[in-house]
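Below is upload-v9.txt, holding compact mmCIF, C-alpha atoms and all ligand atoms.
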```
# COMPACT_ATOMS: atom_id res chain seq x y z
CA MET C 1 0.00 0.00 0.00
CA ARG C 2 1.30 3.46 -0.81
CA LEU C 3 -0.59 6.05 1.24
CA SER C 4 -0.32 9.81 1.61
CA VAL C 5 -1.98 11.46 4.61
CA VAL C 6 -3.09 14.94 3.63
CA ASN C 7 -5.15 17.91 4.73
CA LEU C 8 -4.08 21.47 3.95
CA LYS C 9 -5.63 22.54 7.26
CA GLY C 10 -3.36 22.19 10.28
CA GLY C 11 -3.95 19.98 13.29
CA THR C 12 -6.43 17.55 11.74
CA GLY C 13 -4.64 14.37 12.85
CA LYS C 14 -2.34 13.75 9.88
CA THR C 15 0.76 12.81 11.85
CA VAL C 16 -1.04 10.61 14.37
CA THR C 17 -2.78 8.88 11.47
CA ALA C 18 0.41 8.47 9.40
CA VAL C 19 2.44 6.99 12.26
CA HIS C 20 -0.32 4.63 13.43
CA LEU C 21 -1.01 3.41 9.87
CA ALA C 22 2.72 2.95 9.20
CA ALA C 23 3.13 0.96 12.42
CA GLY C 24 0.15 -1.21 11.45
CA LEU C 25 1.46 -1.80 7.93
CA ALA C 26 4.88 -2.66 9.35
CA ARG C 27 3.26 -5.71 10.96
CA GLN C 28 2.39 -6.93 7.43
CA GLY C 29 5.54 -6.05 5.51
CA ARG C 30 8.55 -3.78 5.23
CA THR C 31 7.28 -0.25 5.63
CA LEU C 32 8.76 3.19 5.05
CA LEU C 33 7.28 6.25 6.75
CA VAL C 34 8.17 9.42 4.84
CA ASP C 35 7.98 12.66 6.78
CA ALA C 36 7.35 15.30 4.10
CA ASP C 37 6.53 17.94 6.71
CA PRO C 38 9.37 20.42 7.36
CA GLN C 39 8.09 20.59 10.98
CA GLY C 40 9.40 17.02 11.28
CA SER C 41 6.84 15.71 13.78
CA ALA C 42 6.85 12.14 12.48
CA LEU C 43 10.63 12.12 12.47
CA SER C 44 10.74 13.41 16.07
CA TRP C 45 8.15 10.78 17.02
CA SER C 46 10.45 8.07 15.64
CA GLU C 47 13.41 9.46 17.59
CA GLU C 48 11.41 9.11 20.80
CA ALA C 49 10.05 5.68 19.89
CA ALA C 50 13.30 3.99 19.03
CA ASP C 51 11.67 0.61 18.32
CA LEU C 52 9.06 1.85 15.84
CA PRO C 53 8.67 -1.13 13.47
CA CYS C 54 9.11 0.92 10.27
CA SER C 55 11.95 2.96 8.77
CA VAL C 56 11.43 6.72 8.87
CA VAL C 57 12.98 9.32 6.57
CA SER C 58 12.55 13.07 6.39
CA LEU C 59 11.87 14.28 2.84
CA PRO C 60 10.20 17.71 2.95
CA VAL C 61 10.64 18.11 -0.80
CA ARG C 62 8.49 19.18 -3.73
CA ASP C 63 9.44 16.33 -6.06
CA LEU C 64 8.42 13.20 -4.16
CA PRO C 65 7.18 11.42 -7.31
CA LYS C 66 10.79 11.50 -8.53
CA ARG C 67 12.59 10.90 -5.23
CA LEU C 68 10.40 8.24 -3.65
CA PRO C 69 10.50 5.31 -6.14
CA PRO C 70 14.24 4.56 -5.69
CA LEU C 71 13.70 4.44 -1.92
CA LEU C 72 10.92 1.86 -2.27
CA GLN C 73 13.13 -0.96 -3.55
CA GLY C 74 12.45 -3.93 -1.28
CA ILE C 75 9.74 -1.99 0.57
CA ASP C 76 6.17 -3.35 0.71
CA HIS C 77 4.33 -0.32 2.09
CA ALA C 78 4.90 3.43 2.32
CA VAL C 79 3.08 6.15 4.22
CA ILE C 80 3.74 9.85 3.60
CA ASP C 81 2.95 12.40 6.31
CA THR C 82 2.48 15.88 4.85
CA PRO C 83 2.55 19.47 6.09
CA PRO C 84 -0.47 21.76 6.35
CA GLY C 85 -0.56 24.64 3.91
CA ASP C 86 2.24 23.69 1.53
CA ARG C 87 0.36 22.94 -1.68
CA VAL C 88 3.44 21.97 -3.67
CA ILE C 89 4.72 19.37 -1.20
CA VAL C 90 1.20 18.00 -0.71
CA ARG C 91 0.59 17.76 -4.44
CA GLY C 92 3.83 15.79 -4.86
CA ALA C 93 2.95 13.50 -1.95
CA VAL C 94 -0.48 12.72 -3.43
CA ALA C 95 1.03 12.10 -6.87
CA ALA C 96 3.57 9.71 -5.31
CA SER C 97 0.85 7.63 -3.62
CA GLU C 98 -1.91 5.24 -4.69
CA THR C 99 -4.34 6.37 -2.00
CA ALA C 100 -4.74 9.72 -0.27
CA ILE C 101 -6.22 9.61 3.23
CA VAL C 102 -7.70 12.91 4.43
CA PRO C 103 -8.05 12.93 8.23
CA MET C 104 -10.69 15.37 9.37
CA PRO C 105 -12.15 16.16 12.79
CA THR C 106 -15.93 16.33 12.93
CA SER C 107 -16.60 20.06 13.06
CA ILE C 108 -18.32 22.52 10.76
CA MET C 109 -15.09 24.53 10.53
CA ASP C 110 -13.17 21.48 9.35
CA LEU C 111 -15.91 20.72 6.82
CA ASP C 112 -15.73 24.30 5.61
CA ARG C 113 -11.96 24.04 5.11
CA LEU C 114 -12.01 20.67 3.34
CA ARG C 115 -12.67 21.85 -0.21
CA PRO C 116 -9.14 23.20 -1.06
CA THR C 117 -7.65 19.81 -0.11
CA LEU C 118 -10.15 17.89 -2.24
CA ASP C 119 -9.59 20.31 -5.15
CA LEU C 120 -5.84 19.77 -4.94
CA ILE C 121 -6.29 15.98 -4.94
CA GLU C 122 -8.58 16.33 -7.96
CA GLU C 123 -5.86 18.28 -9.78
CA VAL C 124 -3.52 15.31 -9.23
CA GLU C 125 -6.23 12.79 -10.17
CA ALA C 126 -6.50 14.50 -13.56
CA LEU C 127 -2.89 13.47 -14.26
CA THR C 128 -2.41 10.21 -12.38
CA PRO C 129 -4.83 7.73 -10.77
CA VAL C 130 -5.20 8.19 -7.02
CA ARG C 131 -7.95 7.08 -4.67
CA VAL C 132 -9.12 9.39 -1.91
CA PHE C 133 -10.86 8.67 1.38
CA VAL C 134 -11.81 11.04 4.16
CA LEU C 135 -11.14 9.58 7.61
CA LEU C 136 -13.06 11.15 10.46
CA THR C 137 -10.81 11.73 13.48
CA ARG C 138 -11.23 12.84 17.09
CA VAL C 139 -14.85 11.74 16.79
CA ARG C 140 -17.07 12.14 19.83
CA THR C 141 -19.45 9.33 19.07
CA ALA C 142 -23.16 10.01 19.34
CA THR C 143 -22.71 13.78 19.09
CA LYS C 144 -24.61 15.95 16.67
CA SER C 145 -21.44 17.23 14.99
CA ALA C 146 -20.23 13.67 14.32
CA HIS C 147 -23.58 12.76 12.80
CA VAL C 148 -23.92 15.96 10.74
CA THR C 149 -20.35 15.79 9.40
CA ARG C 150 -20.83 12.23 8.13
CA GLU C 151 -24.20 13.15 6.64
CA VAL C 152 -22.90 16.24 4.83
CA LEU C 153 -19.90 14.37 3.38
CA GLU C 154 -22.15 11.56 2.19
CA GLU C 155 -24.55 14.06 0.58
CA LEU C 156 -21.61 15.68 -1.21
CA GLY C 157 -20.63 12.24 -2.55
CA ILE C 158 -17.21 12.37 -0.88
CA ALA C 159 -15.68 8.94 -0.29
CA LEU C 160 -15.67 8.38 3.44
CA LEU C 161 -14.24 5.44 5.35
CA ASP C 162 -16.80 3.56 7.44
CA ASN C 163 -14.28 3.25 10.23
CA GLN C 164 -13.50 6.39 12.19
CA ILE C 165 -11.06 7.39 14.91
CA PRO C 166 -12.59 8.31 18.24
CA LEU C 167 -11.37 11.14 20.44
CA ARG C 168 -9.12 9.29 22.86
CA GLU C 169 -6.60 10.43 25.38
CA ASN C 170 -4.34 7.44 24.63
CA LEU C 171 -4.18 8.57 20.98
CA ASN C 172 -3.57 12.17 22.02
CA ALA C 173 -0.71 10.95 24.19
CA SER C 174 0.68 8.47 21.67
CA PHE C 175 3.43 10.78 20.35
CA GLY C 176 6.78 9.06 20.84
CA THR C 177 5.27 5.64 21.55
CA VAL C 178 5.02 2.50 19.44
CA PRO C 179 1.35 2.07 18.45
CA GLY C 180 -0.11 -1.32 19.34
CA ASP C 181 -2.37 -3.42 17.13
CA ASP C 182 -5.45 -3.05 19.34
CA GLY C 183 -6.42 0.52 18.38
CA PRO C 184 -8.92 1.92 15.86
CA TYR C 185 -6.31 2.34 13.11
CA THR C 186 -6.13 -1.46 12.75
CA ALA C 187 -9.75 -1.48 11.56
CA VAL C 188 -8.96 1.40 9.18
CA LEU C 189 -6.19 -0.66 7.57
CA ASP C 190 -8.50 -3.67 7.32
CA GLU C 191 -11.07 -1.50 5.56
CA LEU C 192 -8.48 -0.03 3.18
CA ARG C 193 -7.30 -3.54 2.33
CA ALA C 194 -10.88 -4.72 1.73
CA ARG C 195 -11.59 -1.72 -0.49
CA GLU C 196 -8.33 -2.29 -2.39
CA VAL C 197 -9.36 -5.89 -3.13
CA ALA C 198 -12.87 -4.80 -4.12
CA ALA C 199 -11.60 -2.08 -6.49
N1 LIG C 201 -7.98 10.45 17.99
C1 LIG C 201 -7.44 11.42 18.71
N2 LIG C 201 -7.88 11.67 19.97
C2 LIG C 201 -7.37 12.67 20.71
N3 LIG C 201 -6.42 13.52 20.28
C3 LIG C 201 -5.93 13.33 19.03
C4 LIG C 201 -6.41 12.28 18.19
N4 LIG C 201 -5.74 12.35 17.00
C5 LIG C 201 -4.89 13.38 17.11
N5 LIG C 201 -4.99 13.98 18.31
C6 LIG C 201 -4.28 15.17 18.78
O1 LIG C 201 -4.64 16.24 17.91
C7 LIG C 201 -3.53 17.10 17.69
C8 LIG C 201 -3.28 17.21 16.19
O2 LIG C 201 -2.88 15.93 15.70
P1 LIG C 201 -1.69 15.81 14.64
O3 LIG C 201 -0.44 16.44 15.13
O4 LIG C 201 -1.63 14.40 14.23
O5 LIG C 201 -2.30 16.71 13.49
P2 LIG C 201 -1.59 17.20 12.15
O6 LIG C 201 -2.66 17.30 11.14
O7 LIG C 201 -0.43 16.33 11.86
O8 LIG C 201 -1.06 18.64 12.55
P3 LIG C 201 -0.11 19.58 11.63
O9 LIG C 201 -1.01 20.10 10.55
O10 LIG C 201 0.36 20.65 12.57
O11 LIG C 201 0.98 18.71 11.10
C9 LIG C 201 -2.37 16.52 18.47
O12 LIG C 201 -2.30 17.18 19.72
C10 LIG C 201 -2.77 15.04 18.66
O13 LIG C 201 -2.19 14.49 19.82
MG MG C 202 1.56 16.81 11.39
```
As structure tokens - that is how I would like this structure written.
Amino acid sequence: MRLSVVNLKGGTGKTVTAVHLAAGLARQGRTLLVDADPQGSALSWSEEAADLPCSVVSLPVRDLPKRLPPLLQGIDHAVIDTPPGDRVIVRGAVAASETAIVPMPTSIMDLDRLRPTLDLIEEVEALTPVRVFVLLTRVRTATKSAHVTREVLEELGIALLDNQIPLRENLNASFGTVPGDDGPYTAVLDELRAREVAA
């Protein structure tokens, strides 16, 4: 699987999602986590969590489609964490991946800010095939905002993963730790795999 984790808005859960998905994929095969964010949060995470089961490289560059393939020799899975705001890096990351995951908290403000990210992914899709899924994060289950966000996205015809990531203190505090296989990201990977097979 070659995933990019993107949202031009800051603080939506990209890095937590990228590291947890990379750790999950590393249980299935050799996995490379690419930190394309100049802030370097995923890289710092890996420095703290010395026994993270995947390799991690920092590549905050604009030409990932060119630079990534040589690094993927002998690698089964790759996950790219991306910065907020930097359209050029994000565009390259999406173009270098098969699937773009867009983590998004369930709020009206996040819904309102989603369009530029989807437009950018569409620009890439016009040139190279890429699948896109919104992943709801920090979800307070059974709240109105969670319900409304899912409903609005479905009405807009935006591909949305069935699995979602709840608001959890252990996820908030997971920076610098090695994610286990008992969290909600395991179900997300299962769903991505099932959708890949069905495609
Ligand atoms: N499921 C969750 N439950 C609780 N807190 C979470 C969850 N997911 C992420 N967080 C917290 O939300 C904040 C933003 O997450 P994260 O750093 O992954 O976002 P980001 O999109 O990578 O941010 P940036 O755009 O700055 O790179 C962090 O403090 C993180 O610990
Ligand atoms: Mg981040």
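Taking CA of Ala49 (chain C) and CA of Pro84 (chain C) as the two end points, the separation is 23.5 Å.
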Env. residues ligand LIG 201 (chain C) / 9 Å / all atoms listed in the file / as a tab-separated table (two decimals) with C-alpha atoms, in the frame of the given file:
```tsv
chain	number	residue	atom	x	y	z
C	5	VAL	CA	-1.98	11.46	4.61
C	6	VAL	CA	-3.09	14.94	3.63
C	7	ASN	CA	-5.15	17.91	4.73
C	8	LEU	CA	-4.08	21.47	3.95
C	9	LYS	CA	-5.63	22.54	7.26
C	10	GLY	CA	-3.36	22.19	10.28
C	11	GLY	CA	-3.95	19.98	13.29
C	12	THR	CA	-6.43	17.55	11.74
C	13	GLY	CA	-4.64	14.37	12.85
C	14	LYS	CA	-2.34	13.75	9.88
C	15	THR	CA	0.76	12.81	11.85
C	16	VAL	CA	-1.04	10.61	14.37
C	17	THR	CA	-2.78	8.88	11.47
C	18	ALA	CA	0.41	8.47	9.40
C	19	VAL	CA	2.44	6.99	12.26
C	37	ASP	CA	6.53	17.94	6.71
C	39	GLN	CA	8.09	20.59	10.98
C	40	GLY	CA	9.40	17.02	11.28
C	41	SER	CA	6.84	15.71	13.78
C	42	ALA	CA	6.85	12.14	12.48
C	81	ASP	CA	2.95	12.40	6.31
C	82	THR	CA	2.48	15.88	4.85
C	83	PRO	CA	2.55	19.47	6.09
C	84	PRO	CA	-0.47	21.76	6.35
C	85	GLY	CA	-0.56	24.64	3.91
C	103	PRO	CA	-8.05	12.93	8.23
C	104	MET	CA	-10.69	15.37	9.37
C	105	PRO	CA	-12.15	16.16	12.79
C	137	THR	CA	-10.81	11.73	13.48
C	138	ARG	CA	-11.23	12.84	17.09
C	139	VAL	CA	-14.85	11.74	16.79
C	164	GLN	CA	-13.50	6.39	12.19
C	165	ILE	CA	-11.06	7.39	14.91
C	166	PRO	CA	-12.59	8.31	18.24
C	167	LEU	CA	-11.37	11.14	20.44
C	168	ARG	CA	-9.12	9.29	22.86
C	169	GLU	CA	-6.60	10.43	25.38
C	170	ASN	CA	-4.34	7.44	24.63
C	171	LEU	CA	-4.18	8.57	20.98
C	172	ASN	CA	-3.57	12.17	22.02
C	173	ALA	CA	-0.71	10.95	24.19
C	174	SER	CA	0.68	8.47	21.67
C	175	PHE	CA	3.43	10.78	20.35
C	184	PRO	CA	-8.92	1.92	15.86
```
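Distance-wise, CA of Ser44 (chain C) and CA of Leu21 (chain C) end up 16.6 Å apart.
Ranking C:Glu191, C:Glu196, C:Asp76, C:Glu98 by their shortest atom-to-atom distance to Arg30 (chain C), with all atoms listed in the file included, puts C:Asp76 first.
Between CA of Val130 (chain C) and CA of Thr149 (chain C) the interatomic distance comes to 23.6 Å.
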- Message: I need the residue nearest Ile89 (chain C) from this list: C:Pro53, C:Pro69, C:Pro179, C:Pro60. Use all atoms listed in the file for the distance.
- Response: C:Pro60
- Could you tell me which of C:Val79, C:Ala36, C:Met109, C:Val132 comes closest to ligand MG 202 (chain C) if we count all atoms listed in the file? C:Ala36
- Within 10 Å of Ala26 (chain C), counting all atoms listed in the file, which residues show up once you throw out same-chain ones fewer than 2 positions away? Write them as a ChimeraX atom specification, please. /C:20-24,28-33,52-55,76-78
Could you model N, CA and C atoms for region 120-137 of chain C and present them as a compact mmCIF listing (two decimals), in the frame of the given file?
```
# COMPACT_ATOMS: atom_id res chain seq x y z
N LEU C 120 -7.24 20.07 -4.61
CA LEU C 120 -5.84 19.77 -4.94
C LEU C 120 -5.68 18.29 -5.33
N ILE C 121 -6.36 17.41 -4.60
CA ILE C 121 -6.29 15.98 -4.94
C ILE C 121 -6.88 15.75 -6.33
N GLU C 122 -7.97 16.46 -6.62
CA GLU C 122 -8.58 16.33 -7.96
C GLU C 122 -7.63 16.77 -9.07
N GLU C 123 -6.86 17.83 -8.79
CA GLU C 123 -5.86 18.28 -9.78
C GLU C 123 -4.88 17.15 -10.08
N VAL C 124 -4.47 16.42 -9.03
CA VAL C 124 -3.52 15.31 -9.23
C VAL C 124 -4.21 14.17 -9.97
N GLU C 125 -5.47 13.90 -9.55
CA GLU C 125 -6.23 12.79 -10.17
C GLU C 125 -6.36 12.97 -11.68
N ALA C 126 -6.37 14.24 -12.13
CA ALA C 126 -6.50 14.50 -13.56
C ALA C 126 -5.27 14.01 -14.32
N LEU C 127 -4.16 13.86 -13.60
CA LEU C 127 -2.89 13.47 -14.26
C LEU C 127 -2.50 12.03 -13.97
N THR C 128 -2.84 11.55 -12.78
CA THR C 128 -2.41 10.21 -12.38
C THR C 128 -3.48 9.61 -11.46
N PRO C 129 -3.75 8.29 -11.58
CA PRO C 129 -4.83 7.73 -10.77
C PRO C 129 -4.48 7.73 -9.28
N VAL C 130 -5.38 8.24 -8.47
CA VAL C 130 -5.20 8.19 -7.02
C VAL C 130 -6.58 8.07 -6.38
N ARG C 131 -6.67 7.22 -5.36
CA ARG C 131 -7.95 7.08 -4.67
C ARG C 131 -7.93 7.99 -3.46
N VAL C 132 -9.10 8.48 -3.06
CA VAL C 132 -9.12 9.39 -1.91
C VAL C 132 -10.23 8.97 -0.95
N PHE C 133 -9.89 8.97 0.33
CA PHE C 133 -10.86 8.67 1.38
C PHE C 133 -10.71 9.68 2.51
N VAL C 134 -11.82 10.24 2.94
CA VAL C 134 -11.81 11.04 4.16
C VAL C 134 -11.91 10.09 5.35
N LEU C 135 -11.09 10.36 6.37
CA LEU C 135 -11.14 9.58 7.61
C LEU C 135 -11.51 10.53 8.74
N LEU C 136 -12.64 10.28 9.35
CA LEU C 136 -13.06 11.15 10.46
C LEU C 136 -12.22 10.83 11.69
N THR C 137 -11.70 11.90 12.31
CA THR C 137 -10.81 11.73 13.48
C THR C 137 -11.35 12.52 14.67
```
